[in-house]
Amino acid sequence: MEPLSTKKSRRDRNMKESSRVSYMTEVMEPQIWKSFPEDLFEHVLARLPIATIIRFRVVCQQWNNLITSQGFSQHSCVQVSQAIPWFYITFEDNYRVMYDPFEERWYYDPNIFGIPILPVSSAGGLVCFFDFYYRDLYVCNSLTQCFKKLPAGSIKRWGRLGMTVNGIEGFKVLRLDDYVREYEIYDSVTKNWGHLAKVPECIKRPGYISFNPVSIDDTLYFMQTRPTGIVSCNTSTGVWTQHLIQAPLYSSNLELAESGGQIMLVGLLTENNVTCVCIWKVQKVTFLLKEVDRRQFSEFRGKSVSLACLGNKGLLLCYLTSNNMYYMVTYNVATRKWVKVCLPHGREPHAENRVLMHGTAFQPCLTAMP
């Protein structure tokens with residue numbers, strides 16, 4: 001992965017440089033560390049951030065062999081779950097980047113496919129990509145660059161796509177043609193698409209469900225407009241459900257996110273010409289909304305604002321745009337902390353070229369295999 005620069009204030013750069021100099025002055029005693037047990041190295045490394053583990057591969061050949069060994073991948077690394085998700089984003093000029101919120105760093109993702117693709121969903125450390133030229137689907141571990149092209153199914157239209165985990169090592173991909181109300185599900189265990197099935201008639205207007213679902217275990221949840229609600233599909237049983245919700249007054253750009261197995265609703269709330277990003281928790285049984293937090297953005301006062309939101313494992317990435325203005329921020333559901341995110345250098349939108357964003361939140365995992 002190639003790290004990208006971001007525009008930061010002089011104060012932030014000075015603080016980071018001071019921290020780095022302080023770290024470099026610390027001395028590691030060779031007499032202590034030369035006899036450090038190798039198995040403990042594995043447990044220590046497995047608890048470091050993913051980006052740090054990747055960088056440690058270039059320290060020496062011994063560490064590279066350890067990190068890439070089957071034992072480290074299948075035992076030490078699997079036992080330690082990376083709590084903070086990453087975000088995979090594609091801008092409108094097919095510029096693909098990944099954002100690590102722990103280190104607050106962007107990484108450029110080279111085009112290993114050789115064709116324009118869009119990230120559409122993720123599950124279990126894997127990201128599902130859609131080739132909108134040839135209508136093909138790819139599943140990829142964006143950290144290891146290991147990918148697999150899925151076999152062709154019966155549905156060829158863009159439609160709606162979603163991805164869920166299937167057991168310990170598998171995954172499933174849902175493909176929905178909302179025009180003819182047909183769907184099929186790919187199973188990585190059987191390596192086949194299931195037979196075409198019809199969306200039940202009780203699901204009204206499937207053409208109004210969102211393109212950015214969230215997954216909890218083996219179930220996909222889609223935001224729906226007209227009527228406002230949440231449509232779900234269990235990829236194991238094929239059962240579809242639809243729950244209507246009461247959209248908050250003056251709300252817009254509503255999107256779903258996930259936090260600890262709980263569905264969250266994120267959207268814009270505009271009152272008295274002041275725009276807020278508001279977050280609600282969706283009650284599991286009643287599907288009633290309970291406000292969790294909100295933040296005002298005075299920069300957009302009196303302006304028309306659009307919002308794109310990606311969310312997984314309790315961390316949300318919100319991207320607000322209005323003509324030549326933009327603002328990107330993360331929100332931690334557990335700590336209720338908002339953190340401004342600087343775009344990669346050169347990605348700032350202009351009035352004549354508004355930057356659009358496609359993306360997905362994914363769980364960084366070196367051991368996930370497509």
# chains A, B, ... in the order shown; residues from 1 in each chain; ligands from 1
call {"tool": "closest_atom_pairs", "arguments": {"of": "range 175-208 of chain A", "to": "range 225-230 of chain A", "cutoff": "10 Å", "atoms": "only C-alpha atoms", "output": "JSON lines"}}
result
{"residue": "A:Lys204", "atom": "CA", "partner": "A:Pro227", "partner_atom": "CA", "distance": 8.1}
{"residue": "A:Arg205", "atom": "CA", "partner": "A:Arg226", "partner_atom": "CA", "distance": 7.5}
{"residue": "A:Pro206", "atom": "CA", "partner": "A:Thr225", "partner_atom": "CA", "distance": 9.4}
{"residue": "A:Gly207", "atom": "CA", "partner": "A:Thr225", "partner_atom": "CA", "distance": 9.2}
{"residue": "A:Tyr208", "atom": "CA", "partner": "A:Thr225", "partner_atom": "CA", "distance": 5.5}
call {"tool": "closest_atom_pairs", "arguments": {"of": "range 258-328 of chain A", "to": "range 217-222 of chain A", "cutoff": "12 Å", "atoms": "only C-alpha atoms", "output": "JSON lines"}}
result
{"residue": "A:Glu258", "atom": "CA", "partner": "A:Tyr221", "partner_atom": "CA", "distance": 9.7}
{"residue": "A:Gly260", "atom": "CA", "partner": "A:Asp217", "partner_atom": "CA", "distance": 11.0}
{"residue": "A:Gly261", "atom": "CA", "partner": "A:Asp217", "partner_atom": "CA", "distance": 8.2}
{"residue": "A:Gln262", "atom": "CA", "partner": "A:Tyr221", "partner_atom": "CA", "distance": 11.1}
{"residue": "A:Ile263", "atom": "CA", "partner": "A:Tyr221", "partner_atom": "CA", "distance": 8.5}
{"residue": "A:Met264", "atom": "CA", "partner": "A:Tyr221", "partner_atom": "CA", "distance": 10.7}
{"residue": "A:Leu265", "atom": "CA", "partner": "A:Phe222", "partner_atom": "CA", "distance": 11.0}
{"residue": "A:Val282", "atom": "CA", "partner": "A:Tyr221", "partner_atom": "CA", "distance": 11.9}
call {"tool": "residues_around", "arguments": {"residues": "range 161-170 of chain A", "least_positions_apart": "3", "cutoff": "10 Å", "atoms": "only C-alpha atoms", "output": "count of residues only"}}
result
48
call {"tool": "closest_residue", "arguments": {"among": "A:Gly159, A:Gly314, A:Pro119, A:Gly114", "to": "Arg96 in chain A", "atoms": "only C-alpha atoms"}}
result
A:Pro119
